[in-house]
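**Student:** Following this line is structure.cif, made up of mmCIF, C-alpha atoms:
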data_structure
loop_
_atom_site.label_atom_id
_atom_site.label_comp_id
_atom_site.auth_asym_id
_atom_site.auth_seq_id
_atom_site.Cartn_x
_atom_site.Cartn_y
_atom_site.Cartn_z
CA MET A 146 95.84 -61.80 10.84
CA THR A 147 94.13 -58.83 12.37
CA LEU A 148 90.62 -58.10 11.12
CA LEU A 149 90.39 -54.45 10.26
CA PRO A 150 87.20 -52.82 11.63
CA CYS A 151 87.23 -50.05 9.07
CA ILE A 152 85.82 -51.34 5.79
CA ALA A 153 86.20 -49.31 2.64
CA VAL A 154 84.06 -50.53 -0.24
CA PHE A 155 84.49 -49.80 -3.90
CA VAL A 156 82.28 -51.03 -6.71
CA SER A 157 83.42 -51.88 -10.23
CA PHE A 158 81.56 -53.32 -13.18
CA LEU A 159 82.04 -57.03 -13.66
CA SER A 160 80.95 -59.20 -16.51
CA LEU A 161 79.26 -62.11 -14.81
CA VAL A 162 80.30 -65.27 -16.58
CA GLY A 163 77.90 -68.14 -15.99
CA SER A 164 78.48 -71.85 -16.29
CA VAL A 165 76.07 -74.21 -17.93
CA SER A 166 74.85 -77.00 -15.68
CA GLY A 167 73.89 -80.48 -16.73
CA ASN A 168 70.25 -79.48 -17.19
CA GLY A 169 71.19 -76.68 -19.58
CA ASN A 170 70.65 -73.86 -17.10
CA VAL A 171 73.21 -71.19 -16.43
CA ASN A 172 74.80 -71.52 -12.98
CA LYS A 173 75.49 -67.97 -11.82
CA CYS A 174 77.57 -69.12 -8.87
CA ARG A 175 79.87 -71.78 -10.31
CA SER A 176 83.34 -70.41 -10.92
CA TYR A 177 86.80 -71.57 -11.88
CA CYS A 178 90.19 -70.87 -10.33
CA GLY A 179 93.12 -72.24 -12.26
CA ASN A 180 92.20 -75.86 -13.03
CA LEU A 181 89.78 -76.15 -10.10
CA THR A 182 86.00 -75.86 -10.26
CA VAL A 183 84.42 -74.00 -7.34
CA ASP A 184 80.84 -75.13 -6.90
CA PHE A 185 78.25 -75.56 -4.14
CA PRO A 186 78.70 -75.57 -1.17
CA PHE A 187 81.86 -73.54 -1.82
CA THR A 188 82.19 -70.20 -3.53
CA THR A 189 84.55 -67.35 -4.17
CA ARG A 190 81.62 -64.97 -4.67
CA SER A 191 79.61 -63.16 -2.05
CA GLY A 192 76.07 -64.51 -1.66
CA CYS A 193 76.75 -67.79 -3.46
CA GLY A 194 77.24 -71.28 -2.08
CA HIS A 195 76.25 -72.24 1.45
CA HIS A 196 76.57 -69.58 4.15
CA GLY A 197 78.48 -72.07 6.33
CA PHE A 198 81.39 -71.88 3.86
CA ARG A 199 81.38 -68.12 3.34
CA ASP A 200 84.70 -66.25 3.43
CA LEU A 201 86.55 -69.54 3.15
CA LEU A 202 87.95 -69.71 -0.40
CA PHE A 203 89.72 -66.95 -2.31
CA CYS A 204 90.96 -67.07 -5.91
CA ILE A 205 94.23 -65.17 -6.17
CA ASN A 206 95.58 -64.95 -9.70
CA ASN A 207 94.28 -68.43 -10.57
CA VAL A 208 95.49 -69.95 -7.30
CA LEU A 209 92.73 -71.14 -4.96
CA MET A 210 93.39 -70.43 -1.28
CA LEU A 211 91.57 -71.59 1.86
CA HIS A 212 91.64 -69.30 4.90
CA ILE A 213 90.73 -70.39 8.46
CA SER A 214 91.75 -69.38 11.98
CA SER A 215 95.16 -71.07 11.85
CA GLY A 216 96.22 -69.50 8.55
CA SER A 217 96.05 -69.80 4.78
CA TYR A 218 96.53 -72.90 2.64
CA ARG A 219 96.73 -73.60 -1.06
CA VAL A 220 93.90 -75.81 -2.31
CA LEU A 221 95.24 -78.63 -4.47
CA GLU A 222 91.99 -80.47 -5.09
CA ILE A 223 88.27 -80.41 -4.36
CA ASP A 224 86.73 -83.89 -4.51
CA TYR A 225 82.97 -83.34 -4.68
CA ALA A 226 82.23 -87.07 -4.94
CA TYR A 227 83.95 -87.88 -1.64
CA LYS A 228 83.31 -84.43 -0.09
CA ALA A 229 86.96 -83.65 0.57
CA LEU A 230 89.55 -80.97 -0.07
CA THR A 231 93.31 -81.40 -0.22
CA ILE A 232 95.21 -78.38 1.07
CA GLN A 233 98.88 -77.50 1.42
CA ASP A 234 100.76 -75.52 4.07
CA PRO A 235 104.03 -74.08 2.66
CA ASP A 236 105.68 -74.35 6.10
CA MET A 237 104.81 -78.01 6.65
CA SER A 238 107.56 -80.64 6.78
CA THR A 239 107.71 -83.41 4.19
CA CYS A 240 109.94 -86.41 3.55
CA ASN A 241 112.55 -84.15 1.97
CA SER A 242 112.45 -81.18 4.34
CA ILE A 243 112.02 -80.71 8.09
CA ILE A 244 110.80 -77.19 8.92
CA ARG A 245 111.17 -76.06 12.51
CA GLY A 246 110.74 -72.76 14.30
CA GLY A 247 106.98 -73.05 14.78
CA LYS A 248 106.33 -71.60 11.31
CA GLY A 249 103.67 -74.06 10.23
CA ASN A 250 99.96 -73.27 10.34
CA GLY A 251 98.85 -76.57 11.80
CA PHE A 252 95.06 -76.77 11.60
CA VAL A 253 92.64 -74.78 13.74
CA VAL A 254 89.16 -74.12 12.37
CA GLU A 255 86.58 -71.63 13.61
CA PHE A 256 84.27 -73.17 16.22
CA TRP A 257 81.19 -72.58 14.07
CA ARG A 258 82.78 -74.40 11.11
CA ALA A 259 84.12 -77.31 13.17
CA PRO A 260 80.98 -79.50 12.91
CA TYR A 261 81.33 -79.74 9.12
CA LEU A 262 84.97 -79.00 8.20
CA ASN A 263 87.69 -81.19 9.71
CA PRO A 264 90.72 -83.28 8.68
CA ALA A 265 89.81 -86.74 7.41
CA PRO A 266 90.04 -89.75 9.80
CA ASP A 267 92.85 -91.24 7.68
CA ASN A 268 94.92 -88.02 7.85
CA ILE A 269 97.93 -88.20 10.18
CA PHE A 270 99.67 -85.29 11.87
CA MET A 271 103.30 -85.85 12.90
CA LEU A 272 104.30 -83.30 15.53
CA ILE A 273 108.01 -82.54 15.62
CA GLY A 274 110.21 -81.31 18.44
CA CYS A 275 107.52 -80.92 21.10
CA THR A 276 108.78 -80.01 24.57
CA ALA A 277 108.28 -82.17 27.64
CA ARG A 278 105.83 -79.48 28.83
CA SER A 279 103.56 -80.06 25.84
CA PRO A 280 99.93 -80.96 26.65
CA LEU A 281 100.61 -84.06 24.55
CA PHE A 282 102.84 -85.43 27.29
CA GLN A 283 100.98 -84.48 30.45
CA GLY A 284 101.60 -87.21 32.99
CA PHE A 285 104.58 -88.62 31.03
CA PRO A 286 106.38 -90.95 31.67
CA GLU A 287 103.84 -92.62 33.97
CA LYS A 288 101.00 -92.28 31.46
CA HIS A 289 100.92 -93.60 27.93
CA LEU A 290 101.68 -91.20 25.11
CA PRO A 291 98.96 -90.38 22.54
CA CYS A 292 101.44 -91.12 19.73
CA ARG A 293 100.21 -93.85 17.41
CA ASN A 294 100.01 -94.86 13.76
CA VAL A 295 97.12 -93.70 11.60
CA SER A 296 96.17 -95.70 8.49
CA GLY A 297 99.52 -97.46 8.56
CA MET A 298 101.52 -94.22 8.77
CA GLY A 299 103.54 -92.99 11.72
CA CYS A 300 106.77 -91.51 13.00
CA GLU A 301 108.62 -94.85 13.01
CA ASP A 302 108.49 -94.90 9.21
CA TYR A 303 108.79 -91.11 8.91
CA TYR A 304 112.19 -91.23 10.63
CA SER A 305 113.54 -93.05 7.55
CA CYS A 306 112.97 -89.98 5.37
CA PRO A 307 116.13 -88.28 4.08
CA ALA A 308 114.99 -85.03 5.69
CA TRP A 309 116.07 -86.37 9.08
CA GLY A 310 119.60 -86.83 7.81
CA PRO A 311 122.28 -89.19 9.16
CA GLY A 312 122.52 -89.72 12.87
CA PRO A 313 121.53 -92.08 15.64
CA THR A 314 118.61 -94.40 15.06
CA ARG A 315 115.42 -92.71 16.19
CA SER A 316 112.42 -94.43 17.63
CA SER A 317 109.06 -93.37 19.01
CA LYS A 318 108.93 -96.53 21.08
CA VAL A 319 112.29 -96.24 22.82
CA TYR A 320 112.84 -93.11 24.87
CA GLY A 321 114.27 -92.44 28.29
CA LEU A 322 112.91 -89.63 30.37
CA SER A 323 112.33 -87.42 27.35
CA PRO A 324 109.39 -87.59 24.95
CA PRO A 325 110.02 -88.70 21.36
CA GLU A 326 111.27 -86.23 18.76
CA CYS A 327 108.22 -87.03 16.61
CA CYS A 328 104.73 -87.87 17.82
CA SER A 329 102.08 -88.94 15.30
CA VAL A 330 98.43 -88.38 16.16
CA SER A 331 95.04 -88.27 14.50
CA TYR A 332 93.06 -85.06 14.57
CA ASP A 333 90.30 -86.68 16.64
CA VAL A 334 92.72 -87.17 19.54
CA ILE A 335 93.44 -83.49 20.19
CA ARG A 336 90.90 -81.65 17.96
CA SER A 337 93.33 -78.81 17.23
CA ILE A 338 96.82 -78.67 15.70
CA ASN A 339 98.14 -75.48 17.29
CA LEU A 340 101.95 -75.57 17.38
CA SER A 341 102.20 -72.75 19.92
CA LYS A 342 99.82 -74.32 22.42
CA LEU A 343 101.27 -77.78 21.87
CA GLU A 344 104.81 -76.33 22.22
CA CYS A 345 106.05 -78.07 19.06
CA GLU A 346 108.69 -76.82 16.62
CA GLY A 347 106.99 -78.10 13.49
CA TYR A 348 104.75 -80.72 11.95
CA SER A 349 104.07 -82.84 8.94
CA SER A 350 100.80 -84.17 7.61
CA ALA A 351 100.01 -87.03 5.26
CA TYR A 352 96.88 -88.86 4.20
CA SER A 353 95.92 -92.25 2.86
CA LEU A 354 94.03 -92.79 -0.36
CA ALA A 355 92.69 -96.33 0.06
CA PRO A 356 92.98 -98.84 -1.53
CA LEU A 357 96.28 -97.41 -2.85
CA ARG A 358 99.25 -99.02 -1.10
CA VAL A 359 102.63 -97.32 -0.90
CA SER A 360 106.00 -98.77 0.04
CA GLY A 361 107.19 -96.08 2.44
CA PRO A 362 107.08 -92.45 3.58
CA HIS A 363 108.75 -91.27 0.39
CA GLU A 364 105.53 -92.25 -1.41
CA TRP A 365 103.08 -90.82 1.11
CA SER A 366 100.71 -88.08 0.00
CA TYR A 367 101.80 -85.03 1.99
CA GLY A 368 99.23 -82.36 2.70
CA ILE A 369 96.03 -82.08 4.73
CA ARG A 370 92.96 -83.97 3.57
CA VAL A 371 89.88 -82.14 4.88
CA THR A 372 86.39 -83.61 4.75
CA TYR A 373 83.29 -81.44 4.65
CA SER A 374 79.57 -81.86 5.07
CA VAL A 375 76.74 -79.56 4.08
CA PRO A 376 74.91 -78.24 7.14
CA GLY A 377 71.15 -78.09 7.00
CA ASP A 378 68.92 -79.47 4.29
CA TYR A 379 70.83 -80.17 1.06
CA SER A 380 67.55 -80.96 -0.72
CA PHE A 381 66.93 -77.21 -0.93
CA CYS A 382 69.85 -76.81 -3.32
CA ARG A 383 68.86 -79.80 -5.44
CA ALA A 384 65.34 -78.40 -5.84
CA CYS A 385 66.75 -74.98 -6.68
CA GLU A 386 69.09 -76.28 -9.38
CA ALA A 387 66.39 -78.55 -10.81
CA THR A 388 64.28 -75.45 -11.53
CA GLY A 389 67.12 -73.52 -13.18
CA GLY A 390 68.36 -71.65 -10.13
CA SER A 391 71.75 -71.32 -8.42
CA CYS A 392 72.25 -72.03 -4.74
CA GLY A 393 73.09 -69.05 -2.58
CA TYR A 394 72.22 -67.38 0.69
CA ASP A 395 70.93 -64.17 2.17
CA ALA A 396 73.91 -62.60 3.95
CA LEU A 397 71.70 -60.51 6.25
CA ALA A 398 69.17 -63.16 7.26
CA VAL A 399 71.76 -65.99 6.98
CA ARG A 400 69.36 -68.33 5.19
CA ASP A 401 69.29 -70.29 1.94
CA LEU A 402 68.26 -68.53 -1.25
CA CYS A 403 67.60 -69.82 -4.74
CA LEU A 404 69.07 -67.33 -7.23
CA CYS A 405 66.70 -67.25 -10.18
CA ASP A 406 66.73 -65.28 -13.41
CA GLY A 407 66.18 -61.71 -12.21
CA TRP A 408 64.88 -62.57 -8.75
CA ASN A 409 65.64 -64.64 -5.65
CA SER A 410 63.40 -67.25 -4.03
CA THR A 411 63.26 -68.85 -0.61
CA THR A 412 62.20 -72.15 -2.19
CA ASN A 413 62.90 -72.63 -5.91
CA CYS A 414 62.45 -70.86 -9.22
CA ASP A 415 59.06 -72.45 -9.99
CA THR A 416 57.40 -71.56 -6.71
CA GLY A 417 57.91 -69.25 -3.77
CA THR A 418 58.03 -65.53 -3.29
CA ALA A 419 60.79 -63.13 -4.16
CA SER A 420 63.08 -62.57 -1.18
CA SER A 421 65.48 -59.81 -2.11
CA PRO A 422 66.60 -57.81 -5.15
CA SER A 423 67.97 -59.76 -8.05
CA ILE A 424 71.62 -60.59 -8.25
CA SER A 425 73.65 -57.70 -9.62
CA HIS A 426 76.59 -57.71 -11.98
CA PHE A 427 78.93 -55.91 -9.66
CA SER A 428 82.13 -56.75 -7.84
CA VAL A 429 82.30 -55.65 -4.24
CA THR A 430 85.62 -55.72 -2.44
CA THR A 431 86.08 -54.77 1.18
CA PHE A 432 89.28 -53.39 2.57
CA TYR A 433 89.65 -56.54 4.67
CA GLU A 434 89.36 -58.84 1.63
CA THR A 435 91.90 -56.75 -0.27
CA LYS A 436 94.43 -56.85 2.57
CA LEU A 437 93.84 -60.57 3.09
CA THR A 438 94.42 -61.51 -0.54
CA GLN A 439 97.46 -59.23 -0.82
CA ASN A 440 99.00 -60.87 2.24
CA LEU A 441 98.23 -64.33 0.90
CA ALA A 442 99.83 -63.44 -2.41
CA LYS A 443 102.93 -62.14 -0.65
CA HIS A 444 103.21 -65.23 1.58
CA TYR A 445 102.85 -67.62 -1.34
CA SER A 446 105.04 -65.54 -3.69
CA LEU A 447 102.13 -64.94 -6.06
CA ALA A 448 101.80 -62.01 -8.41
CA PRO A 449 100.26 -58.82 -6.94
CA PHE A 450 96.51 -59.04 -6.53
CA ASN A 451 94.07 -56.21 -6.18
CA ARG A 452 90.55 -57.59 -6.32
CA VAL A 453 88.31 -60.33 -5.04
CA GLU A 454 85.46 -60.96 -7.39
CA GLY A 455 82.07 -61.25 -5.79
CA ILE A 456 78.35 -60.94 -6.26
CA ASP A 457 76.32 -58.62 -4.09
CA PHE A 458 72.58 -58.65 -3.53
#
Could you take the file, read its structure, and then write that structure out as structure tokens?
**Tutor:**
Amino acid sequence: MTLLPCIAVFVSFLSLVGSVSGNGNVNKCRSYCGNLTVDFPFTTRSGCGHHGFRDLLFCINNVLMLHISSGSYRVLEIDYAYKALTIQDPDMSTCNSIIRGGKGNGFVVEFWRAPYLNPAPDNIFMLIGCTARSPLFQGFPEKHLPCRNVSGMGCEDYYSCPAWGPGPTRSSKVYGLSPPECCSVSYDVIRSINLSKLECEGYSSAYSLAPLRVSGPHEWSYGIRVTYSVPGDYSFCRACEATGGSCGYDALAVRDLCLCDGWNSTTNCDTGTASSPSISHFSVTTFYETKLTQNLAKHYSLAPFNRVEGIDF
């Protein structure tokens, strides 16, 4: 999607609805989208959360969306205990449907997010219909293929899915001078699932939830399991929340801020000096955000959407 350089901003009044944290304080940054709770380090509001996860999540008519370089995904779950998100690509193949034509997003994250936002080690990507010219098969057939099982999942079992339909028995182990029709890899092997660069027609993705054991690919969990880590010193946020503040950041200085009642601190709400004007009860929407959310809504067949709620300093 093309980033539009011209940004038109309009301001509308917004009733800021706070959430009550475990210590009885109102969390100005916690929000809800459908049945999902959006909390630190994530946010759907400008100035909240950790700056490393800014412009990542968007709530579109109660549907939470994640947007990165490779495209937009629906967020199915945020697991704060295990620091993981489960996302879904509408053009990803499953056990019941093989989608070709290079429509899928794959997974490519911005270089500055890559150190702390990547698919989980037990997430497998099954690349479908890759050409012999694909970087996956450089040096083939003399060199070994990178195709392998991940957490007990792989193309050998995936071939048994009804989506492949009747036909000759497929195998990733037996091939002549042509590469296999499906090649399963872990994200760590190639560090980027870009269907165009890999010259693949499509892909599927599944993940393992140990110690749960499943009997076959029809019971696999299809989607992309993404793990995250909080860059920097997480103790700042704990100290902020312990003193009644909400964790946020200064968009101009790109540094942590503790959002207190009527003022912002660079440490916590008990100590420190005010950093910037207090958080305002306004919603600021840029032209880029509006176009992005409208396109996401159109792609996912969601109802029309006109506003991204945010908090501006």
**Student:** Give me the result of the PyMOL selection byres ((chain A and resi 237) around 7) on this file, residue by residue, as a PyMOL selection string.
**Tutor:** chain A and resi 234-236+238-239+244+249+348-349
**Student:** Counting all atoms listed in the file, which residue out of A:Pro324, A:Gly393, A:Pro362, A:Gly251 sits closest to Lys342 (chain A)?
**Tutor:** A:Gly251
**Student:** I'd like the interatomic distance between CA of Leu262 (chain A) and CA of Gly389 (chain A), to a tenth of an Å.
**Tutor:**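 Taking CA of Leu262 (chain A) as the start and CA of Gly389 (chain A) as the end point, the length is 28.4 Å.
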**Student:** Which is closest to Gly274 (chain A) among A:Pro291, A:Pro260, A:Pro325, A:Pro307, if we use all atoms listed in the file?
**Tutor:**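 Checking each of A:Pro291, A:Pro260, A:Pro325, A:Pro307 against Gly274 (chain A), counting all atoms listed in the file, the winner is A:Pro325.
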**Student:** State, in Å with one decimal place, the distance from CA of Val220 (chain A) to CA of Val254 (chain A).
**Tutor:**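 About the pair CA of Val220 (chain A) and CA of Val254 (chain A): they are 15.5 Å apart.
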**Student:** Convert the output of the PyMOL selection byres ((chain A and resi 412) around 9) on the shown file into explicit residues, formatted as number ranges by chain.
**Tutor:** A: 381, 384-385, 401-403, 409-411, 413-418
**Student:** Run the PyMOL selection byres ((chain A and resi 181) around 12) mentally over the shown coordinates, then write out the matched residues as a PyMOL selection string, using the chain letters and numbers from the document.
**Tutor:** chain A and resi 175-180+182-184+187-189+202+204+207-210+219-225+230-231
**Student:** For the atom pair CA of Cys327 (chain A) and CA of Met271 (chain A), what is the interatomic distance in Å to one decimal place?
**Tutor:** 6.3 Å
**Student:** Can you pull out every residue within 10 Å of Ser341 (chain A), counting only C-alpha atoms, but drop anything in the same chain fewer than 3 positions away, and send it as number ranges by chain?
**Tutor:** A: 247-251, 275, 279, 338, 344-347
**Student:** Take the selection from the previous step and output its residues with C-alpha atoms, as an mmCIF file, in the frame of the given file.
**Tutor:**
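Written output follows (again.cif):
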data_model
loop_
_atom_site.group_PDB
_atom_site.id
_atom_site.type_symbol
_atom_site.label_atom_id
_atom_site.label_comp_id
_atom_site.auth_asym_id
_atom_site.auth_seq_id
_atom_site.Cartn_x
_atom_site.Cartn_y
_atom_site.Cartn_z
ATOM 1 C CA GLY A 247 106.980 -73.050 14.780
ATOM 2 C CA LYS A 248 106.330 -71.600 11.310
ATOM 3 C CA GLY A 249 103.670 -74.060 10.230
ATOM 4 C CA ASN A 250 99.960 -73.270 10.340
ATOM 5 C CA GLY A 251 98.850 -76.570 11.800
ATOM 6 C CA CYS A 275 107.520 -80.920 21.100
ATOM 7 C CA SER A 279 103.560 -80.060 25.840
ATOM 8 C CA ILE A 338 96.820 -78.670 15.700
ATOM 9 C CA GLU A 344 104.810 -76.330 22.220
ATOM 10 C CA CYS A 345 106.050 -78.070 19.060
ATOM 11 C CA GLU A 346 108.690 -76.820 16.620
ATOM 12 C CA GLY A 347 106.990 -78.100 13.490
#
**Student:** Taking 2 positions as the minimum chain separation for residues in the same chain, which residues sit within 6 Å of Ser350 (chain A) when counting only C-alpha atoms? Answer as a list of chain:residue names.
**Tutor:**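 Counting only the stated atoms, we get A:Ile269, A:Phe270, A:Tyr367, A:Gly368, A:Ile369.
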**Student:** Here is a test: counting all atoms listed in the file, which residue of A:Gly197, A:Gly361, A:Gly407, A:Gly377 is nearest to Phe256 (chain A)?
**Tutor:**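 Selected residue with least distance to Phe256 (chain A): A:Gly197.
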